[in-house]
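Colleague: Data: target-v1.cif, mmCIF, C-alpha atoms.
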data_input
loop_
_atom_site.label_atom_id
_atom_site.label_comp_id
_atom_site.auth_asym_id
_atom_site.auth_seq_id
_atom_site.Cartn_x
_atom_site.Cartn_y
_atom_site.Cartn_z
CA MET F 1 0.00 0.00 0.00
CA SER F 2 0.97 3.53 -0.01
CA GLN F 3 3.52 5.44 2.10
CA PRO F 4 3.00 9.17 3.08
CA VAL F 5 5.83 10.79 1.06
CA PHE F 6 5.37 14.43 2.09
CA ALA F 7 4.61 13.64 5.70
CA ASP F 8 7.75 11.51 5.97
CA ASN F 9 9.91 14.32 4.58
CA CYS F 10 8.47 17.14 6.66
CA ASP F 11 11.09 17.01 9.38
CA ASP F 12 13.80 17.56 6.77
CA LEU F 13 11.96 20.32 4.95
CA VAL F 14 10.67 22.34 7.90
CA THR F 15 13.19 24.71 9.48
CA THR F 16 13.09 24.48 13.25
CA TRP F 17 13.38 27.66 15.26
CA ASN F 18 16.65 26.55 16.82
CA LEU F 19 18.19 26.40 13.37
CA LEU F 20 16.46 29.62 12.45
CA TYR F 21 18.05 31.44 15.38
CA SER F 22 21.53 30.05 14.74
CA ASN F 23 21.56 30.47 10.97
CA ILE F 24 19.77 33.74 10.25
CA GLN F 25 20.16 35.89 13.35
CA GLY F 26 20.60 39.46 12.19
CA LYS F 27 19.98 38.76 8.50
CA THR F 28 17.25 40.62 6.65
CA TYR F 29 14.95 39.50 3.87
CA ASP F 30 13.81 42.07 1.34
CA GLU F 31 10.07 41.67 0.81
CA SER F 32 7.75 44.61 0.18
CA ASN F 33 4.65 45.19 2.27
CA PRO F 34 4.85 42.24 4.67
CA LYS F 35 1.68 41.43 6.59
CA THR F 36 1.82 42.24 10.30
CA VAL F 37 0.50 39.74 12.85
CA SER F 38 0.43 40.14 16.61
CA THR F 39 -0.93 36.80 17.89
CA PRO F 40 -0.23 33.12 17.15
CA GLU F 41 -3.80 32.79 15.86
CA GLU F 42 -3.30 35.60 13.34
CA TRP F 43 0.02 34.07 12.35
CA GLU F 44 -1.47 30.63 11.78
CA ASN F 45 -4.45 32.03 9.84
CA ALA F 46 -2.16 34.08 7.62
CA ILE F 47 -0.01 31.09 6.74
CA THR F 48 -2.87 28.61 6.18
CA SER F 49 -4.77 31.16 4.08
CA SER F 50 -1.67 31.71 2.00
CA TYR F 51 -1.07 28.08 1.19
CA GLY F 52 -4.82 27.66 0.68
CA ARG F 53 -4.31 30.06 -2.26
CA LEU F 54 -1.29 28.02 -3.39
CA ASP F 55 1.00 31.00 -2.85
CA ASP F 56 4.70 30.35 -3.28
CA LYS F 57 5.52 32.21 -0.08
CA ILE F 58 4.34 34.80 2.42
CA THR F 59 6.32 37.32 4.44
CA LEU F 60 5.08 38.24 7.91
CA SER F 61 6.10 40.90 10.41
CA ILE F 62 5.56 39.24 13.79
CA LEU F 63 5.14 41.28 16.97
CA ASN F 64 6.64 39.83 20.16
CA PHE F 65 7.97 36.76 18.40
CA ASN F 66 8.99 33.75 20.49
CA GLU F 67 10.01 30.31 19.34
CA ASP F 68 7.33 28.42 21.29
CA ASP F 69 4.25 30.26 20.03
CA TYR F 70 5.54 30.67 16.48
CA ASN F 71 7.14 27.30 15.88
CA VAL F 72 6.60 26.49 12.21
CA SER F 73 6.78 22.76 12.87
CA LYS F 74 3.32 23.05 14.45
CA LEU F 75 1.88 23.82 11.00
CA LYS F 76 3.47 21.01 9.05
CA ASN F 77 1.01 18.62 7.47
CA TYR F 78 0.80 15.93 4.84
CA ASP F 79 0.05 18.29 1.95
CA VAL F 80 2.27 21.30 2.60
CA SER F 81 5.86 21.52 3.79
CA ILE F 82 6.95 24.93 5.11
CA SER F 83 10.42 26.42 5.39
CA ALA F 84 11.27 29.74 7.02
CA LYS F 85 13.90 32.41 6.44
CA GLY F 86 14.25 35.94 7.71
CA PHE F 87 15.21 38.29 10.52
CA VAL F 88 14.51 37.37 14.15
CA SER F 89 14.53 40.07 16.79
CA ASP F 90 14.34 39.50 20.54
CA THR F 91 12.92 42.96 21.24
CA ASP F 92 11.21 44.28 18.12
CA ILE F 93 9.33 43.04 15.07
CA SER F 94 10.60 39.82 13.50
CA THR F 95 10.25 39.55 9.72
CA ILE F 96 10.01 35.99 8.42
CA THR F 97 9.32 34.66 4.92
CA TYR F 98 7.60 31.28 4.77
CA THR F 99 8.03 29.25 1.60
CA PHE F 100 5.64 26.44 0.68
CA ASP F 101 6.32 23.11 -1.01
CA TYR F 102 3.10 21.39 -2.05
CA ASN F 103 2.03 17.82 -2.50
CA PRO F 104 1.05 17.86 -6.22
CA ASN F 105 -2.23 16.08 -5.43
CA PHE F 106 -3.12 18.90 -3.05
CA LYS F 107 -2.57 21.45 -5.83
CA ILE F 108 -4.89 19.65 -8.24
CA ALA F 109 -7.53 19.21 -5.54
CA LYS F 110 -7.38 22.92 -4.71
CA ALA F 111 -7.81 23.77 -8.39
CA VAL F 112 -10.93 21.61 -8.49
CA GLU F 113 -12.34 23.33 -5.42
CA THR F 114 -11.34 26.82 -6.59
CA PRO F 115 -11.12 27.05 -10.42
CA SER F 116 -9.20 30.34 -10.26
CA LEU F 117 -6.22 28.35 -8.92
CA PHE F 118 -5.93 26.33 -12.14
CA ASN F 119 -3.10 28.57 -13.35
CA LYS F 120 -1.08 27.62 -10.28
CA LEU F 121 -0.66 24.09 -11.69
CA THR F 122 2.29 22.88 -13.73
CA LEU F 123 1.73 22.04 -17.39
CA GLU F 124 1.56 18.32 -16.66
CA GLN F 125 -0.86 18.88 -13.78
CA LYS F 126 -3.08 20.99 -16.04
CA GLU F 127 -3.09 18.26 -18.67
CA ALA F 128 -4.00 15.60 -16.08
CA PHE F 129 -6.74 17.89 -14.73
CA ASP F 130 -8.18 18.38 -18.23
CA ILE F 131 -8.13 14.64 -18.97
CA LEU F 132 -9.95 13.77 -15.74
CA TYR F 133 -12.42 16.63 -16.19
CA ALA F 134 -13.34 15.55 -19.73
CA SER F 135 -13.62 11.90 -18.67
CA THR F 136 -15.79 12.78 -15.67
CA LYS F 137 -18.18 14.93 -17.67
CA GLU F 138 -18.56 12.20 -20.28
CA LEU F 139 -19.12 9.54 -17.63
CA VAL F 140 -21.86 11.38 -15.74
CA SER F 141 -23.53 13.31 -18.55
CA ASN F 142 -26.57 11.01 -18.68
CA LEU F 143 -26.63 9.96 -15.03
CA THR F 144 -29.05 11.44 -12.52
CA THR F 145 -28.16 10.07 -9.07
CA ASP F 146 -25.00 10.47 -7.03
CA TYR F 147 -24.83 6.70 -6.59
CA GLU F 148 -24.82 6.14 -10.37
CA LYS F 149 -22.09 8.74 -10.79
CA GLU F 150 -20.05 7.13 -8.04
CA VAL F 151 -20.30 3.71 -9.68
CA ALA F 152 -19.24 5.17 -13.04
CA ILE F 153 -16.17 6.87 -11.55
CA HIS F 154 -15.24 3.78 -9.50
CA ASN F 155 -15.40 1.56 -12.59
CA PHE F 156 -13.54 4.07 -14.77
CA ILE F 157 -10.62 4.01 -12.36
CA THR F 158 -10.52 0.23 -11.90
CA ASN F 159 -10.85 -0.34 -15.66
CA ASN F 160 -8.27 2.18 -16.83
CA PHE F 161 -5.54 2.05 -14.19
CA GLN F 162 -3.61 -0.61 -12.38
CA TYR F 163 -1.86 -0.94 -9.05
CA GLY F 164 1.87 -0.52 -9.33
CA PRO F 165 4.77 -0.56 -9.42
CA LEU F 166 4.85 -4.00 -7.90
CA ASP F 167 8.27 -3.41 -6.33
CA MET F 168 7.08 -1.69 -3.16
CA ASN F 169 10.65 -1.27 -1.93
CA ASN F 170 11.35 1.21 -4.71
CA VAL F 171 8.20 3.28 -5.27
CA PRO F 172 8.81 6.47 -7.30
CA GLN F 173 7.13 9.67 -6.20
CA ARG F 174 5.06 9.69 -9.40
CA ALA F 175 3.29 6.54 -8.25
CA HIS F 176 1.75 8.58 -5.43
CA SER F 177 0.48 11.30 -7.74
CA ILE F 178 -2.56 11.95 -9.88
CA THR F 179 -0.32 13.01 -12.77
CA GLY F 180 1.70 9.80 -12.60
CA PHE F 181 -1.54 7.81 -12.42
CA VAL F 182 -3.01 9.52 -15.49
CA PHE F 183 0.08 9.43 -17.70
CA ASP F 184 1.76 6.21 -16.53
CA GLY F 185 -1.45 4.21 -16.06
CA GLN F 186 -0.46 2.94 -12.65
CA GLY F 187 -0.09 4.10 -9.07
CA ILE F 188 -0.55 3.18 -5.44
CA CYS F 189 -3.32 3.97 -2.99
CA GLU F 190 -2.59 7.69 -2.70
CA ALA F 191 -3.05 8.06 -6.45
CA TYR F 192 -6.26 5.99 -6.41
CA ALA F 193 -7.81 7.90 -3.52
CA ASN F 194 -6.88 11.33 -4.85
CA THR F 195 -8.08 10.54 -8.36
CA PHE F 196 -11.41 9.32 -6.99
CA TYR F 197 -11.63 12.46 -4.88
CA VAL F 198 -10.91 14.81 -7.79
CA MET F 199 -13.29 13.07 -10.18
CA GLY F 200 -15.93 12.91 -7.48
CA LYS F 201 -15.65 16.65 -6.87
CA MET F 202 -15.82 17.27 -10.61
CA ALA F 203 -19.07 15.28 -10.67
CA GLY F 204 -20.49 17.24 -7.75
CA LEU F 205 -20.18 14.45 -5.19
CA ASP F 206 -19.52 14.98 -1.49
CA VAL F 207 -16.27 13.02 -1.18
CA SER F 208 -13.23 13.20 1.05
CA ILE F 209 -10.01 11.29 1.73
CA ILE F 210 -9.35 9.14 4.77
CA THR F 211 -5.95 7.93 5.98
CA GLY F 212 -5.18 4.94 8.13
CA THR F 213 -3.95 1.40 7.59
CA ALA F 214 -5.11 -1.69 5.72
CA ASN F 215 -3.79 -4.98 6.99
CA ASN F 216 -1.40 -2.94 9.17
CA VAL F 217 0.12 -1.08 6.20
CA SER F 218 -0.28 2.69 5.69
CA HIS F 219 -3.19 3.32 3.36
CA MET F 220 -5.54 5.92 1.87
CA TRP F 221 -9.11 5.52 0.74
CA ASN F 222 -12.26 7.66 0.47
CA LEU F 223 -15.45 8.63 2.24
CA ILE F 224 -18.63 9.61 0.40
CA ASN F 225 -21.79 11.24 1.70
CA LEU F 226 -25.00 9.96 0.09
CA ASP F 227 -28.31 11.30 1.38
CA GLY F 228 -26.69 12.44 4.61
CA GLU F 229 -25.01 9.12 5.42
CA TYR F 230 -21.29 8.42 5.07
CA TYR F 231 -19.71 5.33 3.49
CA HIS F 232 -16.18 4.02 2.96
CA VAL F 233 -14.95 3.49 -0.60
CA ASP F 234 -11.59 1.79 -1.21
CA VAL F 235 -11.01 1.85 -4.96
CA THR F 236 -7.46 0.54 -4.61
CA ASN F 237 -8.57 -2.74 -3.07
CA ASP F 238 -11.45 -3.04 -5.52
CA ASP F 239 -9.03 -3.06 -8.46
CA PRO F 240 -8.03 -6.62 -9.39
CA THR F 241 -4.30 -7.36 -9.30
CA PRO F 242 -3.25 -8.33 -11.89
CA ASP F 243 -5.79 -6.43 -13.95
CA VAL F 244 -8.51 -8.51 -15.55
CA PRO F 245 -10.44 -6.56 -18.24
CA GLY F 246 -14.16 -6.42 -17.59
CA ARG F 247 -13.94 -7.82 -14.07
CA GLU F 248 -15.48 -5.54 -11.48
CA ARG F 249 -15.15 -5.87 -7.73
CA TYR F 250 -17.12 -3.97 -5.10
CA THR F 251 -15.75 -5.46 -1.90
CA TYR F 252 -15.15 -2.01 -0.40
CA PHE F 253 -17.82 -0.02 -2.21
CA ASN F 254 -19.94 2.02 0.23
CA VAL F 255 -19.24 -0.11 3.27
CA SER F 256 -19.84 0.67 6.92
CA ASP F 257 -17.31 1.05 9.71
CA ASP F 258 -18.21 -2.46 10.90
CA ILE F 259 -17.40 -4.06 7.55
CA ILE F 260 -14.21 -2.20 6.64
CA SER F 261 -12.78 -2.37 10.17
CA LYS F 262 -12.18 -6.09 9.63
CA THR F 263 -9.16 -5.10 7.53
CA HIS F 264 -8.75 -1.31 7.94
CA SER F 265 -8.07 0.94 10.89
CA TRP F 266 -8.12 4.73 11.28
CA GLU F 267 -8.49 7.43 13.91
CA ARG F 268 -12.27 7.32 14.18
CA SER F 269 -12.58 10.57 16.11
CA GLU F 270 -11.21 12.45 13.09
CA PHE F 271 -13.78 11.20 10.57
CA PRO F 272 -17.57 10.85 10.34
CA SER F 273 -19.11 7.56 11.43
CA CYS F 274 -20.29 5.22 8.68
CA THR F 275 -23.23 3.20 9.97
CA SER F 276 -25.63 2.89 7.03
CA ASP F 277 -25.89 -0.06 4.66
CA LYS F 278 -28.41 1.53 2.30
CA TYR F 279 -26.02 2.31 -0.57
CA ASN F 280 -23.71 -0.63 -0.08
CA TYR F 281 -23.29 -2.22 -3.51
CA TYR F 282 -24.43 -5.66 -2.41
CA THR F 283 -27.32 -4.46 -0.28
CA LEU F 284 -28.68 -2.10 -2.93
CA ASN F 285 -28.49 -4.69 -5.70
CA ASN F 286 -29.70 -7.59 -3.54
CA TYR F 287 -26.43 -9.48 -4.03
CA ILE F 288 -26.26 -10.88 -0.49
CA ILE F 289 -26.35 -14.67 -0.12
CA HIS F 290 -27.75 -16.30 3.02
CA SER F 291 -27.90 -19.98 2.04
CA GLU F 292 -26.74 -22.55 -0.51
CA GLN F 293 -30.09 -22.37 -2.29
CA GLU F 294 -29.71 -18.61 -2.66
CA LEU F 295 -26.19 -19.18 -3.98
CA LYS F 296 -27.45 -21.63 -6.59
CA ASP F 297 -30.28 -19.33 -7.67
CA PHE F 298 -27.95 -16.33 -7.86
CA ILE F 299 -25.36 -18.10 -10.03
CA ASN F 300 -28.03 -19.50 -12.37
CA LYS F 301 -29.62 -16.06 -12.73
CA LYS F 302 -26.31 -14.46 -13.63
CA LEU F 303 -25.35 -17.15 -16.12
CA ASN F 304 -28.80 -17.12 -17.75
CA ALA F 305 -28.36 -13.37 -18.22
CA GLY F 306 -25.09 -13.99 -20.03
CA GLU F 307 -22.90 -12.54 -17.28
CA THR F 308 -19.51 -14.17 -16.88
CA SER F 309 -18.14 -11.90 -14.15
CA PHE F 310 -20.12 -11.20 -10.99
CA SER F 311 -19.79 -10.64 -7.28
CA PHE F 312 -21.77 -11.31 -4.09
CA ARG F 313 -21.42 -11.16 -0.34
CA THR F 314 -22.42 -13.83 2.19
CA GLU F 315 -24.17 -13.08 5.47
CA ASP F 316 -25.06 -15.71 8.10
CA TYR F 317 -23.73 -18.27 5.64
CA GLN F 318 -20.24 -19.65 5.08
CA ILE F 319 -18.82 -21.18 1.92
CA GLU F 320 -16.32 -23.75 3.10
CA ASN F 321 -14.36 -24.15 -0.16
CA ALA F 322 -14.50 -23.50 -3.90
CA ASP F 323 -16.17 -26.83 -4.73
CA ILE F 324 -19.73 -25.62 -4.17
CA ILE F 325 -19.28 -22.68 -6.52
CA LYS F 326 -17.58 -24.85 -9.13
CA TYR F 327 -20.44 -27.36 -8.86
CA TYR F 328 -23.05 -24.80 -9.86
CA THR F 329 -20.97 -23.55 -12.79
CA THR F 330 -19.93 -26.95 -14.18
CA GLY F 331 -21.41 -27.96 -17.52
CA LYS F 332 -22.21 -24.39 -18.49
CA GLY F 333 -19.67 -24.19 -21.31
CA PHE F 334 -16.78 -22.61 -19.40
CA SER F 335 -13.26 -24.00 -19.26
CA THR F 336 -11.84 -21.90 -16.42
CA ILE F 337 -13.16 -20.22 -13.29
CA ASN F 338 -11.46 -17.63 -11.13
CA ILE F 339 -12.77 -17.15 -7.59
CA THR F 340 -11.60 -14.71 -4.95
CA GLY F 341 -12.94 -14.68 -1.40
CA GLU F 342 -12.28 -16.05 2.05
CA TYR F 343 -13.74 -19.48 2.72
CA GLY F 344 -15.08 -20.53 6.09
CA LYS F 345 -16.32 -17.04 7.04
CA GLU F 346 -18.65 -14.33 5.85
CA SER F 347 -16.92 -12.81 2.86
CA THR F 348 -17.21 -11.10 -0.50
CA TYR F 349 -16.70 -13.35 -3.52
CA ASN F 350 -15.76 -12.38 -7.07
CA ILE F 351 -16.26 -14.91 -9.86
CA THR F 352 -14.95 -14.75 -13.42
CA LEU F 353 -15.71 -17.49 -15.96
CA LYS F 354 -14.10 -18.11 -19.35
#
Starting from the coordinates I provided, produce the structure as structure tokens.

Modeller:
Amino acid sequence: MSQPVFADNCDDLVTTWNLLYSNIQGKTYDESNPKTVSTPEEWENAITSSYGRLDDKITLSILNFNEDDYNVSKLKNYDVSISAKGFVSDTDISTITYTFDYNPNFKIAKAVETPSLFNKLTLEQKEAFDILYASTKELVSNLTTDYEKEVAIHNFITNNFQYGPLDMNNVPQRAHSITGFVFDGQGICEAYANTFYVMGKMAGLDVSIITGTANNVSHMWNLINLDGEYYHVDVTNDDPTPDVPGRERYTYFNVSDDIISKTHSWERSEFPSCTSDKYNYYTLNNYIIHSEQELKDFINKKLNAGETSFSFRTEDYQIENADIIKYYTTGKGFSTINITGEYGKESTYNITLK
């Protein structure tokens, strides 16, 4: 899964005040019309507003500066790294210039939220933005509900991109980015989650990004709000690896906290609770199996409809091994069957026949 590139590098990129004192004491920085702040709250608001506009830098005149209240390391976050340079005075006004280094995904997301920031993007970021915008508009042009739009975006990502590179010990920075995802055709969870977020925003959906772990590995996925209820969406883990054209999986599509917490963990106090099952893919489509008879009827219905790739979830019913599924597909004209799922427990199963 993914690793937080910018967050990991923050300690190297952010100048601590001890270094600031030792390296720039008595040096001045020439910047016209610096903004004056007199409290830590004003200081923080000035800096966060500046990087919210994707400014390259901001110069502040700080009254009664001290290293505890105005420690730049307090403002570091996953999306923006901040360095500081300027003149520090013990008795008068300190003039500091803060320079911002942005996560490229953050820049594209800000341009989606505020179109006037589009010109702040690099040429490659603008091209990726335009490609996703055109694709999104085409996908949702004839769709009326947020759920339908969500499905279309989910399937577009799983059908057109793949998880990679497979060497997770040598992951290039591009694999984390939307631009790398769009132009290289592959990426890791950060690229999946941010691409889903951007396309969702372009389609008018109420989406956000959630960070945590999956199977004890750092991970990113999404939240979506449908009719006032929140759901988890993990597009990364819904994308088959290796890619199988035409095979869709919805294991983590609009799932509740209870379902996703079997494999994922996160700081729950920082995110909305997901308790509804209404828009879960399997619940909404009646693809939940409670008995062997229901399994048999479901498989026959799918095959009679000409479907060769389908998915279902079991509840209060356990499939002990693959034999029962193979039994109900034998003699139907298929030479191979691919099954994913966890036997001996409630699970989601994905079946592809050829």

Colleague: Excluding same-chain residues fewer than 2 positions from Thr99 (chain F), what lies within 9 Å of it counting all atoms listed in the file, as a PyMOL selection string?

Modeller: chain F and resi 55-59+81-85+97+101

Colleague: Those selected residues, please, written with C-alpha atoms and delivered as a PDB file, in the coordinates of the input.

Modeller:
ATOM      1  CA  ASP F  55       1.000  31.000  -2.850  1.00  0.00           C
ATOM      2  CA  ASP F  56       4.700  30.350  -3.280  1.00  0.00           C
ATOM      3  CA  LYS F  57       5.520  32.210  -0.080  1.00  0.00           C
ATOM      4  CA  ILE F  58       4.340  34.800   2.420  1.00  0.00           C
ATOM      5  CA  THR F  59       6.320  37.320   4.440  1.00  0.00           C
ATOM      6  CA  SER F  81       5.860  21.520   3.790  1.00  0.00           C
ATOM      7  CA  ILE F  82       6.950  24.930   5.110  1.00  0.00           C
ATOM      8  CA  SER F  83      10.420  26.420   5.390  1.00  0.00           C
ATOM      9  CA  ALA F  84      11.270  29.740   7.020  1.00  0.00           C
ATOM     10  CA  LYS F  85      13.900  32.410   6.440  1.00  0.00           C
ATOM     11  CA  THR F  97       9.320  34.660   4.920  1.00  0.00           C
ATOM     12  CA  ASP F 101       6.320  23.110  -1.010  1.00  0.00           C
TER      13      ASP F 101
END

Colleague: Determine the residue set returned by the PyMOL selection byres ((chain F and resi 134-137) around 12) for the present structure, and present it as JSON, numbers by chain.

Modeller: {"F": [127, 128, 129, 130, 131, 132, 133, 138, 139, 140, 141, 142, 143, 149, 150, 151, 152, 153, 154, 155, 156, 157, 160, 182, 195, 196, 197, 198, 199, 200, 201, 202, 203, 204, 205]}

Colleague: Do a neighbour search on Glu294 (chain F) at 12 Å with only C-alpha atoms, toss out local chain neighbours closer than 6 positions, and write the hits as a PyMOL selection string.

Modeller: chain F and resi 286-288+300-301+312-315+317+325+328

Colleague: Mind telling me what the PyMOL selection byres ((chain F and resi 280) around 9) catches here, as a PyMOL selection string?

Modeller: chain F and resi 231+250+252-256+276-279+281-285

Colleague: Report as a list of chain:residue names all protein, DNA and RNA residues lying within 12 Å of Gly180 (chain F), evaluated on all atoms listed in the file, omitting residues in the same chain fewer than 6 positions from it.

Modeller: F:Pro104, F:Asn105, F:Glu124, F:Gln125, F:Glu127, F:Ala128, F:Phe129, F:Phe161, F:Gln162, F:Tyr163, F:Gly164, F:Pro165, F:Val171, F:Pro172, F:Gln173, F:Arg174, F:Gln186, F:Gly187, F:Ile188, F:Glu190, F:Ala191, F:Tyr192, F:Asn194, F:Thr195

Colleague: Smallest atom-to-atom distance to Asn338 (chain F): which of F:Asn159, F:Asn237, F:Ser311, F:Gln318, using only C-alpha atoms?

Modeller: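 Nearest candidate to Asn338 (chain F) out of F:Asn159, F:Asn237, F:Ser311, F:Gln318: F:Ser311.
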
Colleague: Using the chain letters and numbering of this document, enumerate as a list in words the residues selected by the PyMOL selection byres ((chain F and resi 343) around 7).

Modeller: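 On the file shown, the PyMOL selection byres ((chain F and resi 343) around 7) covers Gln318, Ile319, Glu320, Asn321, Gly341, Glu342, Gly344 and Lys345 of chain F.
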
Colleague: Grab the CA of Gly228 (chain F) to CA of Ser49 (chain F) distance for me, in Å with one decimal place.

Modeller: 28.8 Å

Colleague: Ranking F:Asn77, F:Thr95, F:Phe310, F:Asp68 by minimum distance to Asn33 (chain F) and counting only C-alpha atoms, which one comes first?

Modeller: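 Of F:Asn77, F:Thr95, F:Phe310, F:Asp68, the one nearest Asn33 (chain F), counting only C-alpha atoms, is F:Thr95.
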
Colleague: Please measure the separation of CA of Ser94 (chain F) and CA of Thr48 (chain F), giving the value in Å to one decimal.

Modeller: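 Computing it gives 19.0 Å between the two atoms.
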
Colleague: Counting only C-alpha atoms, write as a list in words all protein and nucleic acid residues lying at most 6 Å from (-7.7, 4.8, 9.8) in the file's frame.

Modeller: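 Those within range, by chain then number, are Thr211, Gly212, Thr213, Ser265, Trp266 and Glu267 of chain F.
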
Colleague: Between CA of Ile259 (chain F) and CA of Pro272 (chain F), measure the distance and give it in Å to one decimal.

Modeller: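 Answer for the CA of Ile259 (chain F) to CA of Pro272 (chain F) separation: 15.2 Å.
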
Colleague: Within 8 Å of (0.5, 16.8, 3.1) in the file's own coordinates, which protein, DNA or RNA residues have an atom, counting all atoms listed in the file? List them as a list in words.

Modeller: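 It turns out the residues near that spot are Phe6, Ala7, Lys76, Asn77, Tyr78, Asp79, Val80, Ser81, Tyr102, Asn103 and Phe106 of chain F.
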
Colleague: Please determine, counting only C-alpha atoms, which residue among F:Phe334, F:Phe183, F:Trp221, F:Tyr349 has the shortest atom-to-atom distance to Thr251 (chain F).

Modeller: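 Using only C-alpha atoms, the shortest distance to Thr251 (chain F) belongs to F:Tyr349.
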
Colleague: Pick the closest to Glu292 (chain F) from F:Ile324, F:Val217, F:Ile96, F:Ala305: which is it, counting only C-alpha atoms?

Modeller: F:Ile324

Colleague: Please determine, counting only C-alpha atoms, which residue among F:Glu113, F:Asp316, F:Asp92, F:Asp238 has the shortest atom-to-atom distance to Gly52 (chain F).

Modeller: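 Nearest candidate to Gly52 (chain F) out of F:Glu113, F:Asp316, F:Asp92, F:Asp238: F:Glu113.
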